[in-house]
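So the structure is just underneath, and the comments pick up after that.
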Protein chains: 2
Amino acid sequence: MKKTDVAIVGGSAAGLTAALTARRHYPNKKILLVRKEKLVPIPCGIPYIFGTVGSPDKNLMPDTPLQKNNVDFMIDEVVEIDREKRSLKTEGGEEIVYDKLVVATGSLPMVPPVPGFDKENVFPVFKDVERLSVMQQKMNTSKKVVVIGGGFIGVEMSDEMNKSGDLEVTICELLPHCLQLAFDPEICEEAEKLLAERGVKILSNQKVISVEGNKKATGVKLSDGKVLEADMVVVGIGTVANVSLAEKAGLRMGPTGSIWVDRTLRTSDENIFACGDCAEKFSFFGGKPSKLKLASIACSEARIAGANLFGAQRESVGTIGVFSSAIGDHSFAVAGMSESFAKQQGYDVIIGTAEGPNRHPGGMPGTANQKVKLIFEKRTKVLIGSQMAGDWAVGELINVASACIQHKMTIDDIACFQMGTHPALTASPVVYQFVNAAESALLAMS
Amino acid sequence: MKKTDVAIVGGSAAGLTAALTARRHYPNKKILLVRKEKLVPIPCGIPYIFGTVGSPDKNLMPDTPLQKNNVDFMIDEVVEIDREKRSLKTEGGEEIVYDKLVVATGSLPMVPPVPGFDKENVFPVFKDVERLSVMQQKMNTSKKVVVIGGGFIGVEMSDEMNKSGDLEVTICELLPHCLQLAFDPEICEEAEKLLAERGVKILSNQKVISVEGNKKATGVKLSDGKVLEADMVVVGIGTVANVSLAEKAGLRMGPTGSIWVDRTLRTSDENIFACGDCAEKFSFFGGKPSKLKLASIACSEARIAGANLFGAQRESVGTIGVFSSAIGDHSFAVAGMSESFAKQQGYDVIIGTAEGPNRHPGGMPGTANQKVKLIFEKRTKVLIGSQMAGDWAVGELINVASACIQHKMTIDDIACFQMGTHPALTASPVVYQFVNAAESALLAMS
């Protein structure tokens, strides 16, 4: 039997960050992280295994931060939480007695009950090095890949697989556009155009009826009766919280089926916290349940949970939802609600947009077009969302939007925003799209 | 005689932005911009003329935004403001009657009363295409250049001139470090090391006594008696507000010798506004007079002045001071107060730092080290400054810091900040330096 002050179950983004945060805030506590994976893939890096990075073993979360920060860890699977005894039982027969527990068991790929999804060569994207290796080997001998789902994972996987060799990659998306849950149509269309130019085929408005073949997948049958040939099928249609351990322990579940937590990330058991993909989330906008699952959200939550273990210090303000993606030299990013989503949620919105070069003068290297769209709530003029397309710079510019959303900055606040600019790094201060989009929203109001 | 609702004197960043802002806010007003330059250089782009961009005519502010936005403009020099008649007289003999006036006459390079500064081949950096062309021609035939002043302009000019050909470039800086008014020593040293590696010589703690030579400069004499040979001397030691027109008109001047304005950017004459380098500024921190002059500040002020012409709508919160620079692939950025400056100002500070790769996994193209330093006021834990070094991404990441400073975010706010991350664009959410620097500040408090 082991004894620890803090036990953490799960070693991906949430578990690791919770451990490091706990260490910072509680320098004298004994902290033990238990994870079932020997090697942990960097979750956001998974698509890049198939092209840019080259293999699963080049996309691993390092163990050095745990070692350097005096966090013990063991590779074993926790199979039971005994809440009364405050102890964990592992697959390997170990018992671990804890004072505080953090559940960070993450998520599993969603696999809908479609006939044939259990065939060989159908690959839901598991965060598992061995499965990813098998998948990569299969890719190397495939000619035709069908990717089911045109969200971020599907789009990034498709682009990387497409650029990695002589493969025909086709995305099947149920909705009218790829990335449609994050972006408004104009940005989706820009991304789709880029993907198409790079050689990825996109079939939207397509429901998958079945995966064809005997033991092995040979094709994907669509609702219009068409069958797409495939040596390999990738399933990237979303994830579901991995809550079996928590459910078995009788922890309360939330409205989306994830582990219920309060704003301090504490579960229904006062000695157990949960964070990351397995934890229930609420939206920053109106407090509704949110199904967003992102490594960045997981880390923010872990920094709250880790700090609160022995006394509440931090509270979640709800999930804003900030993410970015890249297709070649083009990047796309979103923070908060899209225009479409905000309208669906009943918001009366004012839209501002601005577009122009991302450098000054235009002769500076890397000059490209940058688009910024801002979504404001009409009555209060408060920023509730932003969408961006441009070069790599939008990867951090979207975080400016996130800060402004979190602080409920208004159209006028943003119009007077004090940004730093530089010829080689940003748009000119006259053109600066983030600010001018706010000015253009004022025009839209009048 | 011309009549206009709004007259704007000056056509650089502040004048242009004030015109465009006035147009947005007052669609039916007649707006006339008067500037003395036929061609206006992009101010921040000036150093890049001498290397990357190649010539002054590739670094011009376009007139198309004025034309597209129905702003009249004329090339002429305003020589007098008759406040009683609300009219301007120009060099060309024109009289312009205005209802509201914006003075955006900018700044002039500071030229200290050092013997020999009036010699041929001594070049203060004027924002003037002709002078810049002469300067560039001289550079093309020079072997040895001495740059007096190691601030942003001096550093950027030196690096660009150095990379443009077979030139020996030496910076003479009065203070112990280049860039010392913006950065703390550790960042200055990093920049100096880079400059040295690229071939720029730096002499710090050096007071210039005189420029040697007869009619033409041949060298720069330092306080230790040493004389540096030079075919060409560049003077980049700062700028002074260009206020002669405003002074002659009897407008009140502020404590730093710039045009006094209230927080709405209105001068002592209720029908006259001033913005940009010619306007007096106060610091966001404590409201003290601020001598910072940046195109980005000018544009923020112009967006306030332009909106307020016919009714106050916006107020300045004071100058935060956000700027960035690049030396090769390395970038440096600052927002708010440095640690040294804050301490000089009597602040009790807490410092947080974090450092790590700017991509995830490290195999992603462009992986480099990124450093973030955060400066917090100890008692309130409010962010008052940030310094960064890394790749291009710090050009926008510093604007995240600016938003957080403006909204007085605390250590805990930033530790829980919801950033978007992506393998190709940012650090991992576990490593994200901006957030981890806040966490490290907490350690420093305990």
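Scheme for the structure tokens: letters A, B, ... for chains in order shown; per-chain residue numbers from 1; ligand numbers from 1 in order shown.
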Any chance you could fit chain B onto chain A with least squares, all Cα atoms in order, and share the moved copy as a compact mmCIF listing (two decimals) with C-alpha atoms, in the first residue's frame?
```txt
# COMPACT_ATOMS: atom_id res chain seq x y z
CA MET B 1 -0.03 -0.05 0.02
CA LYS B 2 1.18 3.42 -0.94
CA LYS B 3 0.18 6.62 0.81
CA THR B 4 0.10 10.00 -0.83
CA ASP B 5 -1.29 13.44 -0.07
CA VAL B 6 -2.42 13.94 -3.64
CA ALA B 7 -3.23 11.24 -6.16
CA ILE B 8 -3.81 12.13 -9.80
CA VAL B 9 -5.37 9.65 -12.20
CA GLY B 10 -4.39 10.37 -15.79
CA GLY B 11 -1.19 11.66 -17.32
CA SER B 12 -2.19 13.71 -20.34
CA ALA B 13 -2.50 17.50 -20.45
CA ALA B 14 -4.90 17.81 -17.50
CA GLY B 15 -3.20 15.27 -15.21
CA LEU B 16 0.29 16.57 -15.85
CA THR B 17 -0.72 20.21 -15.41
CA ALA B 18 -2.71 19.42 -12.25
CA ALA B 19 0.39 17.69 -10.84
CA LEU B 20 2.69 20.58 -11.67
CA THR B 21 0.21 23.12 -10.32
CA ALA B 22 -0.28 21.15 -7.10
CA ARG B 23 3.48 21.02 -6.69
CA ARG B 24 3.78 24.79 -7.06
CA HIS B 25 1.00 25.52 -4.62
CA TYR B 26 1.76 22.79 -2.10
CA PRO B 27 5.53 22.37 -2.06
CA ASN B 28 5.51 19.96 0.90
CA LYS B 29 2.79 17.55 -0.18
CA LYS B 30 3.48 14.12 -1.57
CA ILE B 31 2.04 13.91 -5.08
CA LEU B 32 1.57 10.71 -7.07
CA LEU B 33 0.40 10.59 -10.67
CA VAL B 34 -0.92 7.24 -11.94
CA ARG B 35 -1.43 6.70 -15.63
CA LYS B 36 -2.05 3.61 -17.66
CA GLU B 37 0.04 4.66 -20.68
CA LYS B 38 3.76 4.07 -20.66
CA LEU B 39 4.09 6.78 -23.30
CA VAL B 40 1.64 9.67 -23.58
CA PRO B 41 1.08 11.35 -26.95
CA ILE B 42 0.79 15.13 -27.01
CA PRO B 43 -2.93 15.29 -27.80
CA CYS B 44 -2.92 18.32 -30.12
CA GLY B 45 0.13 16.98 -31.94
CA ILE B 46 -1.53 13.73 -33.03
CA PRO B 47 -2.50 14.84 -36.57
CA TYR B 48 1.08 15.99 -37.16
CA ILE B 49 2.43 12.49 -36.54
CA PHE B 50 1.11 11.62 -39.99
CA GLY B 51 3.05 14.27 -41.85
CA THR B 52 5.19 17.04 -40.37
CA VAL B 53 6.50 15.28 -37.29
CA GLY B 54 6.79 11.83 -38.79
CA SER B 55 6.08 9.31 -36.05
CA PRO B 56 4.24 8.83 -32.74
CA ASP B 57 7.50 8.63 -30.78
CA LYS B 58 8.32 12.18 -31.81
CA ASN B 59 5.06 13.44 -30.30
CA LEU B 60 5.36 12.46 -26.65
CA MET B 61 4.71 14.36 -23.44
CA PRO B 62 8.03 14.32 -21.59
CA ASP B 63 8.28 12.85 -18.08
CA THR B 64 11.05 15.24 -17.09
CA PRO B 65 8.67 17.92 -15.73
CA LEU B 66 7.32 15.31 -13.28
CA GLN B 67 10.78 14.23 -12.24
CA LYS B 68 12.12 17.78 -11.94
CA ASN B 69 9.14 18.82 -9.85
CA ASN B 70 9.29 15.92 -7.47
CA VAL B 71 6.04 14.32 -8.60
CA ASP B 72 6.04 10.54 -8.24
CA PHE B 73 4.44 8.64 -11.06
CA MET B 74 3.56 5.07 -11.81
CA ILE B 75 2.38 3.30 -14.93
CA ASP B 76 -0.70 1.31 -13.96
CA GLU B 77 -4.42 1.48 -14.52
CA VAL B 78 -6.65 2.63 -11.70
CA VAL B 79 -9.66 0.30 -11.68
CA GLU B 80 -11.48 1.46 -8.60
CA ILE B 81 -11.89 4.50 -6.36
CA ASP B 82 -12.91 3.60 -2.81
CA ARG B 83 -14.22 6.94 -1.65
CA GLU B 84 -14.86 5.86 1.91
CA LYS B 85 -11.34 4.56 2.42
CA ARG B 86 -9.95 7.29 0.14
CA SER B 87 -8.02 4.72 -1.77
CA LEU B 88 -7.41 3.61 -5.32
CA LYS B 89 -7.02 0.06 -6.57
CA THR B 90 -4.97 -0.59 -9.66
CA GLU B 91 -4.92 -3.25 -12.34
CA GLY B 92 -1.46 -4.19 -11.07
CA GLY B 93 -2.89 -4.91 -7.59
CA GLU B 94 -1.55 -1.78 -5.92
CA GLU B 95 -3.57 0.14 -3.33
CA ILE B 96 -3.01 3.86 -3.04
CA VAL B 97 -4.39 5.83 -0.13
CA TYR B 98 -4.90 9.52 -0.86
CA ASP B 99 -5.92 12.61 0.97
CA LYS B 100 -7.03 14.46 -2.18
CA LEU B 101 -7.70 12.94 -5.58
CA VAL B 102 -7.73 14.50 -9.05
CA VAL B 103 -9.56 12.57 -11.75
CA ALA B 104 -8.14 13.46 -15.17
CA THR B 105 -9.15 10.42 -17.18
CA GLY B 106 -9.72 12.39 -20.37
CA SER B 107 -11.87 11.33 -23.25
CA LEU B 108 -12.28 8.57 -25.77
CA PRO B 109 -13.04 8.94 -29.46
CA MET B 110 -16.73 8.88 -30.22
CA VAL B 111 -17.71 5.83 -32.26
CA PRO B 112 -21.31 5.94 -33.42
CA PRO B 113 -23.27 2.70 -33.88
CA VAL B 114 -22.71 2.59 -37.63
CA PRO B 115 -22.49 -0.88 -39.19
CA GLY B 116 -18.93 -1.82 -40.07
CA PHE B 117 -17.16 0.60 -37.73
CA ASP B 118 -15.69 -2.44 -36.01
CA LYS B 119 -13.91 -3.67 -39.14
CA GLU B 120 -10.15 -3.81 -39.54
CA ASN B 121 -8.58 -0.61 -40.90
CA VAL B 122 -11.22 1.59 -39.33
CA PHE B 123 -9.37 3.93 -36.96
CA PRO B 124 -11.03 6.10 -34.38
CA VAL B 125 -8.26 8.46 -33.21
CA PHE B 126 -7.19 7.09 -29.82
CA LYS B 127 -4.57 8.97 -27.82
CA ASP B 128 -2.49 5.83 -27.70
CA VAL B 129 0.98 5.43 -29.13
CA GLU B 130 0.55 1.81 -30.17
CA ARG B 131 -2.73 2.36 -31.96
CA LEU B 132 -1.29 5.46 -33.62
CA SER B 133 1.72 3.45 -34.82
CA VAL B 134 -0.53 0.80 -36.33
CA MET B 135 -2.52 3.58 -37.97
CA GLN B 136 0.59 5.17 -39.40
CA GLN B 137 1.83 1.84 -40.77
CA LYS B 138 -1.51 1.30 -42.43
CA MET B 139 -1.35 4.80 -43.92
CA ASN B 140 2.04 4.04 -45.43
CA THR B 141 0.59 1.18 -47.44
CA SER B 142 -2.75 2.77 -48.30
CA LYS B 143 -3.86 4.48 -51.48
CA LYS B 144 -7.27 5.74 -50.47
CA VAL B 145 -8.22 7.14 -47.09
CA VAL B 146 -11.67 8.26 -46.07
CA VAL B 147 -11.81 10.57 -43.06
CA ILE B 148 -15.20 10.64 -41.40
CA GLY B 149 -15.73 14.00 -39.74
CA GLY B 150 -14.55 17.42 -40.89
CA GLY B 151 -13.89 19.04 -37.54
CA PHE B 152 -10.42 20.15 -36.43
CA ILE B 153 -9.09 16.61 -36.02
CA GLY B 154 -10.49 15.44 -39.34
CA VAL B 155 -9.22 18.48 -41.22
CA GLU B 156 -5.74 18.41 -39.69
CA MET B 157 -5.40 14.64 -40.16
CA SER B 158 -6.55 14.89 -43.77
CA ASP B 159 -4.14 17.66 -44.62
CA GLU B 160 -1.20 15.89 -42.97
CA MET B 161 -1.98 12.52 -44.52
CA ASN B 162 -2.45 14.16 -47.89
CA LYS B 163 0.90 15.88 -47.79
CA SER B 164 2.71 12.79 -46.53
CA GLY B 165 2.64 10.86 -49.78
CA ASP B 166 0.73 9.49 -52.68
CA LEU B 167 -2.59 9.16 -50.92
CA GLU B 168 -6.08 10.08 -51.97
CA VAL B 169 -7.78 11.62 -48.95
CA THR B 170 -11.50 12.31 -48.78
CA ILE B 171 -13.36 13.96 -45.91
CA CYS B 172 -17.00 13.04 -45.31
CA GLU B 173 -18.76 15.70 -43.28
CA LEU B 174 -22.36 15.48 -42.10
CA LEU B 175 -22.89 19.26 -42.00
CA PRO B 176 -22.81 21.66 -44.95
CA HIS B 177 -19.23 22.71 -44.08
CA CYS B 178 -16.07 21.43 -42.46
CA LEU B 179 -15.21 23.18 -39.16
CA GLN B 180 -18.76 24.46 -38.99
CA LEU B 181 -19.17 23.96 -35.25
CA ALA B 182 -16.34 26.46 -34.67
CA PHE B 183 -16.46 28.86 -37.59
CA ASP B 184 -18.93 30.90 -39.55
CA PRO B 185 -19.42 29.81 -43.18
CA GLU B 186 -17.06 32.37 -44.75
CA ILE B 187 -14.09 31.03 -42.80
CA CYS B 188 -15.14 27.41 -43.34
CA GLU B 189 -15.24 28.08 -47.06
CA GLU B 190 -11.77 29.61 -47.03
CA ALA B 191 -10.42 26.53 -45.23
CA GLU B 192 -12.24 24.17 -47.59
CA LYS B 193 -10.84 25.99 -50.61
CA LEU B 194 -7.32 25.63 -49.26
CA LEU B 195 -7.79 21.96 -48.50
CA ALA B 196 -9.13 21.35 -52.00
CA GLU B 197 -6.21 23.22 -53.56
CA ARG B 198 -3.85 21.02 -51.60
CA GLY B 199 -5.59 17.91 -52.90
CA VAL B 200 -7.98 16.89 -50.13
CA LYS B 201 -11.45 15.96 -51.39
CA ILE B 202 -14.37 17.18 -49.33
CA LEU B 203 -17.85 15.69 -49.41
CA SER B 204 -20.17 17.69 -47.19
CA ASN B 205 -23.82 17.08 -46.27
CA GLN B 206 -22.89 13.40 -46.21
CA LYS B 207 -24.20 10.89 -43.77
CA VAL B 208 -22.20 7.70 -43.49
CA ILE B 209 -24.48 4.63 -43.61
CA SER B 210 -21.92 1.89 -43.20
CA VAL B 211 -18.38 0.79 -43.68
CA GLU B 212 -18.25 -1.84 -46.43
CA GLY B 213 -16.05 -4.92 -46.66
CA ASN B 214 -15.72 -8.28 -45.05
CA LYS B 215 -13.16 -8.46 -42.28
CA LYS B 216 -11.34 -5.43 -43.59
CA ALA B 217 -12.86 -2.12 -44.62
CA THR B 218 -12.97 -1.58 -48.36
CA GLY B 219 -15.24 1.41 -48.63
CA VAL B 220 -17.63 3.85 -47.00
CA LYS B 221 -21.28 3.88 -48.01
CA LEU B 222 -23.02 7.25 -48.00
CA SER B 223 -26.70 8.08 -47.63
CA ASP B 224 -27.02 8.79 -51.37
CA GLY B 225 -25.99 5.20 -52.02
CA LYS B 226 -22.53 6.08 -53.29
CA VAL B 227 -19.65 3.99 -51.99
CA LEU B 228 -16.23 5.58 -51.54
CA GLU B 229 -13.40 3.12 -51.92
CA ALA B 230 -11.04 3.07 -48.95
CA ASP B 231 -8.05 1.06 -47.73
CA MET B 232 -8.35 2.93 -44.50
CA VAL B 233 -11.07 4.81 -42.64
CA VAL B 234 -10.28 7.45 -40.03
CA VAL B 235 -13.04 8.41 -37.60
CA GLY B 236 -12.75 11.90 -36.16
CA ILE B 237 -16.25 12.89 -35.17
CA GLY B 238 -15.63 14.00 -31.62
CA THR B 239 -14.88 12.62 -28.21
CA VAL B 240 -16.80 11.48 -25.18
CA ALA B 241 -15.72 11.97 -21.59
CA ASN B 242 -14.02 8.89 -20.15
CA VAL B 243 -16.03 8.61 -16.93
CA SER B 244 -16.35 4.88 -16.25
CA LEU B 245 -14.05 4.97 -13.22
CA ALA B 246 -15.83 8.00 -11.75
CA GLU B 247 -19.26 6.57 -12.49
CA LYS B 248 -18.41 3.31 -10.78
CA ALA B 249 -17.32 5.31 -7.74
CA GLY B 250 -20.73 6.98 -7.65
CA LEU B 251 -19.57 10.49 -8.44
CA ARG B 252 -22.35 12.73 -9.69
CA MET B 253 -22.49 13.19 -13.47
CA GLY B 254 -23.34 16.45 -15.21
CA PRO B 255 -25.83 17.27 -17.95
CA THR B 256 -23.49 16.32 -20.83
CA GLY B 257 -22.50 13.04 -19.19
CA SER B 258 -19.15 14.24 -17.86
CA ILE B 259 -18.13 14.34 -14.19
CA TRP B 260 -20.05 17.06 -12.39
CA VAL B 261 -17.84 19.73 -10.83
CA ASP B 262 -18.47 23.06 -9.15
CA ARG B 263 -16.61 26.20 -10.22
CA THR B 264 -13.62 25.21 -8.10
CA LEU B 265 -13.45 21.94 -10.07
CA ARG B 266 -14.50 19.92 -7.02
CA THR B 267 -16.72 16.91 -7.71
CA SER B 268 -19.66 15.75 -5.59
CA ASP B 269 -17.04 14.19 -3.26
CA GLU B 270 -15.26 16.97 -1.37
CA ASN B 271 -11.94 15.17 -1.57
CA ILE B 272 -12.08 14.55 -5.30
CA PHE B 273 -11.49 17.06 -8.08
CA ALA B 274 -11.88 16.49 -11.80
CA CYS B 275 -10.47 18.45 -14.73
CA GLY B 276 -9.95 18.21 -18.45
CA ASP B 277 -11.99 16.24 -20.98
CA CYS B 278 -13.64 14.05 -18.31
CA ALA B 279 -15.00 17.04 -16.35
CA GLU B 280 -18.31 18.75 -17.03
CA LYS B 281 -17.98 22.30 -18.36
CA PHE B 282 -20.20 25.32 -18.55
CA SER B 283 -20.05 28.09 -21.09
CA PHE B 284 -18.62 31.51 -20.27
CA PHE B 285 -21.65 32.80 -22.15
CA GLY B 286 -24.77 32.33 -20.09
CA GLY B 287 -23.47 29.36 -18.09
CA LYS B 288 -25.06 26.65 -20.23
CA PRO B 289 -23.47 23.18 -20.31
CA SER B 290 -20.61 23.06 -22.81
CA LYS B 291 -19.34 20.01 -24.65
CA LEU B 292 -16.08 21.63 -25.77
CA LYS B 293 -13.05 19.48 -25.09
CA LEU B 294 -9.63 20.96 -25.76
CA ALA B 295 -6.18 20.44 -24.26
CA SER B 296 -5.96 24.16 -23.59
CA ILE B 297 -9.21 24.10 -21.60
CA ALA B 298 -7.96 21.00 -19.78
CA CYS B 299 -4.81 22.85 -18.73
CA SER B 300 -6.71 25.92 -17.55
CA GLU B 301 -8.97 23.68 -15.49
CA ALA B 302 -6.00 21.74 -14.13
CA ARG B 303 -4.46 25.00 -12.93
CA ILE B 304 -7.67 25.69 -11.03
CA ALA B 305 -8.07 22.17 -9.63
CA GLY B 306 -4.40 21.82 -8.67
CA ALA B 307 -4.42 25.11 -6.78
CA ASN B 308 -7.66 24.37 -4.92
CA LEU B 309 -6.81 20.93 -3.48
CA PHE B 310 -6.28 22.09 0.07
CA GLY B 311 -8.38 25.26 0.03
CA ALA B 312 -10.32 27.03 -2.71
CA GLN B 313 -8.27 29.75 -4.37
CA ARG B 314 -9.49 29.87 -7.92
CA GLU B 315 -12.79 29.59 -9.75
CA SER B 316 -13.63 28.79 -13.33
CA VAL B 317 -15.37 31.60 -15.20
CA GLY B 318 -16.68 29.07 -17.71
CA THR B 319 -15.36 27.93 -21.02
CA ILE B 320 -14.68 30.61 -23.63
CA GLY B 321 -13.43 28.15 -26.25
CA VAL B 322 -10.28 29.38 -27.97
CA PHE B 323 -8.67 27.37 -30.72
CA SER B 324 -6.59 27.65 -33.82
CA SER B 325 -5.57 25.48 -36.71
CA ALA B 326 -3.19 25.65 -39.63
CA ILE B 327 -3.40 24.47 -43.22
CA GLY B 328 -0.03 25.05 -44.82
CA ASP B 329 0.94 28.68 -44.27
CA HIS B 330 -2.62 29.66 -43.52
CA SER B 331 -4.03 29.74 -40.03
CA PHE B 332 -7.53 29.96 -38.68
CA ALA B 333 -8.55 30.79 -35.17
CA VAL B 334 -11.63 31.29 -33.07
CA ALA B 335 -12.45 32.56 -29.59
CA GLY B 336 -15.89 32.49 -28.02
CA MET B 337 -19.08 32.21 -30.04
CA SER B 338 -19.35 32.31 -33.80
CA GLU B 339 -21.96 34.59 -35.31
CA SER B 340 -24.11 31.60 -36.24
CA PHE B 341 -23.89 29.99 -32.82
CA ALA B 342 -24.56 33.25 -30.99
CA LYS B 343 -27.69 33.79 -33.07
CA GLN B 344 -28.85 30.22 -32.42
CA GLN B 345 -28.43 30.96 -28.73
CA GLY B 346 -30.71 33.97 -29.05
CA TYR B 347 -28.09 36.73 -28.94
CA ASP B 348 -28.71 39.93 -30.83
CA VAL B 349 -25.33 40.55 -32.39
CA ILE B 350 -23.34 43.26 -34.12
CA ILE B 351 -20.59 42.16 -36.45
CA GLY B 352 -17.39 44.00 -37.25
CA THR B 353 -14.85 42.87 -39.82
CA ALA B 354 -11.51 44.11 -41.08
CA GLU B 355 -9.06 42.76 -43.56
CA GLY B 356 -5.62 43.83 -44.77
CA PRO B 357 -1.94 43.01 -44.87
CA ASN B 358 -0.30 41.51 -41.79
CA ARG B 359 2.96 43.46 -42.23
CA HIS B 360 3.99 47.01 -42.98
CA PRO B 361 5.09 47.95 -45.56
CA GLY B 362 3.79 45.21 -47.85
CA GLY B 363 7.34 44.50 -49.01
CA MET B 364 8.25 42.93 -45.69
CA PRO B 365 8.81 39.18 -45.94
CA GLY B 366 5.78 37.03 -45.24
CA THR B 367 3.18 39.64 -46.12
CA ALA B 368 -0.24 37.99 -46.39
CA ASN B 369 -3.85 38.89 -45.92
CA GLN B 370 -5.32 38.85 -42.41
CA LYS B 371 -9.05 38.83 -41.66
CA VAL B 372 -10.60 39.52 -38.29
CA LYS B 373 -14.27 39.22 -37.46
CA LEU B 374 -15.61 40.38 -34.11
CA ILE B 375 -18.99 39.47 -32.70
CA PHE B 376 -20.51 41.84 -30.14
CA GLU B 377 -23.66 41.61 -28.09
CA LYS B 378 -25.76 44.48 -29.43
CA ARG B 379 -27.20 46.07 -26.31
CA THR B 380 -24.08 46.01 -24.13
CA LYS B 381 -21.56 46.24 -27.02
CA VAL B 382 -19.54 43.54 -25.25
CA LEU B 383 -17.27 41.23 -27.27
CA ILE B 384 -18.56 37.66 -27.33
CA GLY B 385 -16.60 36.10 -30.14
CA SER B 386 -13.90 36.44 -32.74
CA GLN B 387 -12.91 34.55 -35.87
CA MET B 388 -9.64 35.06 -37.68
CA ALA B 389 -7.86 33.89 -40.81
CA GLY B 390 -4.33 34.81 -41.78
CA ASP B 391 -0.80 33.68 -41.25
CA TRP B 392 0.71 32.16 -38.08
CA ALA B 393 0.20 35.41 -36.17
CA VAL B 394 -3.49 34.65 -35.61
CA GLY B 395 -2.33 31.84 -33.27
CA GLU B 396 -1.54 34.46 -30.63
CA LEU B 397 -3.79 37.27 -31.88
CA ILE B 398 -6.77 35.06 -31.04
CA ASN B 399 -5.52 35.09 -27.45
CA VAL B 400 -5.80 38.87 -27.45
CA ALA B 401 -9.45 38.29 -28.33
CA SER B 402 -9.72 35.74 -25.50
CA ALA B 403 -8.39 38.25 -22.96
CA CYS B 404 -10.81 40.89 -24.26
CA ILE B 405 -13.77 38.49 -24.15
CA GLN B 406 -12.95 37.40 -20.62
CA HIS B 407 -12.82 41.01 -19.51
CA LYS B 408 -15.98 41.93 -21.34
CA MET B 409 -14.36 44.63 -23.38
CA THR B 410 -16.74 46.71 -25.47
CA ILE B 411 -16.54 47.95 -29.03
CA ASP B 412 -15.07 51.25 -27.87
CA ASP B 413 -12.56 49.57 -25.53
CA ILE B 414 -11.24 47.56 -28.45
CA ALA B 415 -11.32 50.48 -30.86
CA CYS B 416 -8.92 52.26 -28.48
CA PHE B 417 -6.88 49.15 -27.72
CA GLN B 418 -3.17 49.80 -27.24
CA MET B 419 -1.47 47.25 -29.39
CA GLY B 420 2.21 46.99 -30.11
CA THR B 421 3.08 46.78 -33.79
CA HIS B 422 6.21 46.10 -35.79
CA PRO B 423 6.91 45.98 -39.56
CA ALA B 424 8.27 42.41 -39.45
CA LEU B 425 5.71 41.01 -37.03
CA THR B 426 2.29 42.63 -37.27
CA ALA B 427 -0.08 44.71 -39.32
CA SER B 428 0.51 48.45 -39.22
CA PRO B 429 -1.15 50.38 -36.39
CA VAL B 430 -3.33 52.15 -38.96
CA VAL B 431 -4.53 48.87 -40.49
CA TYR B 432 -4.51 46.72 -37.32
CA GLN B 433 -7.45 44.45 -38.08
CA PHE B 434 -8.48 43.60 -34.53
CA VAL B 435 -9.03 47.27 -33.75
CA ASN B 436 -10.52 48.25 -37.09
CA ALA B 437 -13.01 45.39 -36.87
CA ALA B 438 -14.34 47.04 -33.71
CA GLU B 439 -14.58 50.36 -35.51
CA SER B 440 -16.47 48.71 -38.33
CA ALA B 441 -18.93 47.24 -35.82
CA LEU B 442 -19.79 50.79 -34.78
CA LEU B 443 -20.73 51.54 -38.38
CA ALA B 444 -22.92 48.46 -38.39
CA MET B 445 -24.78 49.81 -35.35
CA SER B 446 -25.68 53.13 -36.88
```
Quiz prompt | Filtered DSSP result for segment 203-357 of chain B, state strand (DSSP E), as a PyMOL selection string | solution = chain B and resi 203+208-212+219-222+227-229+232-235+239-241+272-274+281-282+289-290+322-327+330-336+349-357
